[in-house]
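To start, the structure under review is shown below, and the notes come after it.
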Amino acid sequence: MHRRLLLATRNNGKVRELRALLDGTGIEVTCLADFPDIRLPDESGETFAENALIKARAAAAASGLWALADDSGLEVEALGGAPGVRSARFSGEDATDGENNALLLERLADVPDERRGARFVSAVALCAPGGDCVVREGYCGGAVIRAPHGSGGFGYDPLFYMPGEGMTYAELPVTRKNEISHRARALFLIKQDIVDRLGSDDTPCSE
Ligand code: IMP
C-alpha cells in the first residue's frame with residue numbers, strides 16, 4: 001500500500017486541514033515545500049475540476065507519489081458564474097481580496113436582492129503517479145450582500161451571506177466554516193477515495 005500523499009500546494013493552512021482530515025488513517029501528508037524543484041503548470045482550465053486535475057496530475061508525475069490538488073472560487077448567478085475560476089484574479093493578476101470584493105460589489109450594484117444568489121465551489125483531484133485521477137466537488141450556496149460583514153476568513157467571505165446560518169462566511173466561527181464550507185464538503189467526499197486507494201492494509205485483530 002502507498003502511504004504518502006503529496007498535497008500540491010504551498011499553502012500551510014490547506015496542509016494542516018488535510019492532515020487533520022486524514023488523522024488516524026496512517027497516511028502521511030507531504031506538500032510542495034518538501035519538493036522545491038516541482039513547478040506546477042498555470043491554472044489554464046475553464047473549470048475548477050480542470051484546474052485541480054492540472055495541478056494534481058503534474059505533482060503526481062513529478063514526484064512519483066499520489067497527489068491531491070484543489071481549486072475553488074465563487075460563482076455569482078447574476079454574473080453568469082463569474083468570477084468563477086478567475087476568483088483570485090477577478091480585478092487583476094495581483095489583486096488583493098479588497099480589490100476583488102470592491103469589483104464584485106460594483107458589478108452587482110444594480111442587481112436586486114432576489115438575484116444576488118451565489119455559491120462557492122471546491123474541486124479536489126486525486127491522481128496516481130501513473131495518471132489515473134478522480135475528482136470530487138463540494139458546494140455551498142448563499143447570496144452576495146451589499147456591504148462587507150465580519151472579520152474572519154479570507155477572500156469573498158465578508159460578502160457571502162448564508163441564510164441558513166444567518167451570517168456571512170466571515171462571521172462564522174472557523175470550526176463551523178470547516179464543517180459546512182464548499183472545501184469541507186469536497187474533502188469529505190475525497191477522503192473515502194484517499195482511504196480506499198492509499199489507506200492502511202493492516203487488518204484489525206479479530207477475535
Ligand atoms: P484557491 O482555490 O485557494 O486558489 O482560491 C481561489 C480564490 O477563490 C481565492 O483567492 C478566493 O478569492 C476565492 N475563495 C476560495 N475559497 C474561498 C473561501 O472559502 N472564502 C472566500 N473566498 C474563497
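Chain lettering (A, B, ...) mirrors the order of the C-alpha cells, residue numbering begins at 1 for each chain separately, and ligand numbering begins at 1 in order of display.
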
Q: If you run DSSP over the backbone, which residues in chain A end up helix (DSSP H, G or I)? Put them as a VMD selection string.
A: chain A and resid 12 to 21 32 to 34 48 to 63 77 to 79 84 to 89 97 to 107 113 to 115 157 to 159 174 to 180 182 to 198

Closest atom pairs, region 38-140 of chain A residues within 10 Å of region 19-31 of chain A, only C-alpha atoms, as CSV:
```
residue,atom,partner,partner_atom,distance
A:Ala59,CA,A:Cys31,CA,9.7
A:Leu65,CA,A:Thr30,CA,9.8
A:Ala67,CA,A:Cys31,CA,9.1
A:Leu68,CA,A:Cys31,CA,9.5
```

Q) ligand 1: which residues are within 7 Å, counting only C-alpha atoms and all ligand atoms, as a PyMOL selection string? A) chain A and resi 70-74+87-88+97+120+153-157+181

Q. Between CA of Ala49 (chain A) and CA of Gly142 (chain A), what is the spacing in Å?
A. 21.1 Å

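Here the strand (DSSP E or B) residues in region 48-112 of chain A, by DSSP on the backbone, are Trp66, Ala67, Leu68, Ala69, Asp70, Asp71, Ser72, Gly73, Leu74, Glu75, Val76 and Pro83 of chain A.
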
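Comparing the minimum interatomic distances between Val174 (chain A) and each of A:Gly152, A:Arg107, A:Ala58, A:Ala102, counting only C-alpha atoms, we find that A:Gly152 sits nearest.
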
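Minimum atom-to-atom distance to Asp34 (chain A), evaluated using only C-alpha atoms, belongs to A:Leu6 out of A:Leu6, A:Arg16, A:Phe188, A:Thr47.
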
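Nearest to Arg119 (chain A) of all the residues A:Arg89, A:Glu75, A:Gly98, A:Phe160 is A:Glu75, based on only C-alpha atoms.
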
(Q) Applying 12 Å and only C-alpha atoms, which residues near Leu189 (chain A) remain after dropping the ones on its own chain fewer than 4 positions away? List them as a list in words. (A) Leu21, Ser122, Ala123, Val124, Ala125, Leu126, Val134, Val135, Arg136, Glu137, Gly138, Tyr139, His182, Arg183, Ala184, Arg185, Asp193, Ile194, Val195 and Asp196 of chain A

**Q.** Long-range neighbours of Gly164 (chain A) as number ranges by chain, 12 Å cut-off, only C-alpha atoms, 5 positions minimum in chain
**A.** A: 140-143, 169, 172, 180

Would you save the residues of that selection, restricted to N, CA, C and O atoms, as a short mmCIF file (atom, residue, chain, number, x, y, z; two decimals), in the first residue's frame?
```
data_model
loop_
_atom_site.label_atom_id
_atom_site.label_comp_id
_atom_site.auth_asym_id
_atom_site.auth_seq_id
_atom_site.Cartn_x
_atom_site.Cartn_y
_atom_site.Cartn_z
N CYS A 140 -21.40 25.35 -1.65
CA CYS A 140 -22.04 25.99 -0.53
C CYS A 140 -22.80 27.20 -1.07
O CYS A 140 -22.19 28.09 -1.68
N GLY A 141 -24.13 27.21 -0.90
CA GLY A 141 -24.95 28.25 -1.51
C GLY A 141 -25.26 29.40 -0.57
O GLY A 141 -25.36 29.21 0.65
N GLY A 142 -25.42 30.60 -1.15
CA GLY A 142 -25.75 31.77 -0.35
C GLY A 142 -26.04 32.94 -1.26
O GLY A 142 -26.53 32.75 -2.38
N ALA A 143 -25.74 34.15 -0.80
CA ALA A 143 -26.00 35.35 -1.59
C ALA A 143 -24.93 36.40 -1.29
O ALA A 143 -24.34 36.40 -0.21
N TYR A 169 -19.88 34.18 5.76
CA TYR A 169 -18.76 33.25 5.98
C TYR A 169 -17.74 33.90 6.94
O TYR A 169 -17.13 33.21 7.74
N LEU A 172 -18.79 33.48 10.60
CA LEU A 172 -18.91 32.11 11.13
C LEU A 172 -17.66 31.77 11.95
O LEU A 172 -16.55 32.09 11.54
N ILE A 180 -19.01 23.16 7.23
CA ILE A 180 -20.05 23.31 6.19
C ILE A 180 -19.56 23.92 4.89
O ILE A 180 -20.32 24.04 3.94
#
```

Q) Which residues, written as a ChimeraX atom specification, have at least one atom at most 7 Å from Pro129 (chain A), with only C-alpha atoms counted and residues fewer than 6 positions away on the same chain left out? A) /A:60-61,64-66

Preceding selection exported with C-alpha atoms as a PDB file, in the first residue's frame:
```
ATOM      1  CA  ALA A  60       1.960  13.128  -9.173  1.00  0.00           C
ATOM      2  CA  ALA A  61       4.037  12.785 -12.346  1.00  0.00           C
ATOM      3  CA  GLY A  64       6.105   9.680  -8.244  1.00  0.00           C
ATOM      4  CA  LEU A  65       3.604   9.940  -5.364  1.00  0.00           C
ATOM      5  CA  TRP A  66      -0.171  10.028  -5.203  1.00  0.00           C
TER       6      TRP A  66
END
```

Q: Show which residues sit within 7 Å of Pro41 (chain A), as an MDAnalysis selection string. Count only C-alpha atoms, and ignore same-chain residues fewer than 2 positions away.
A: chainID A and resid 39 43 55
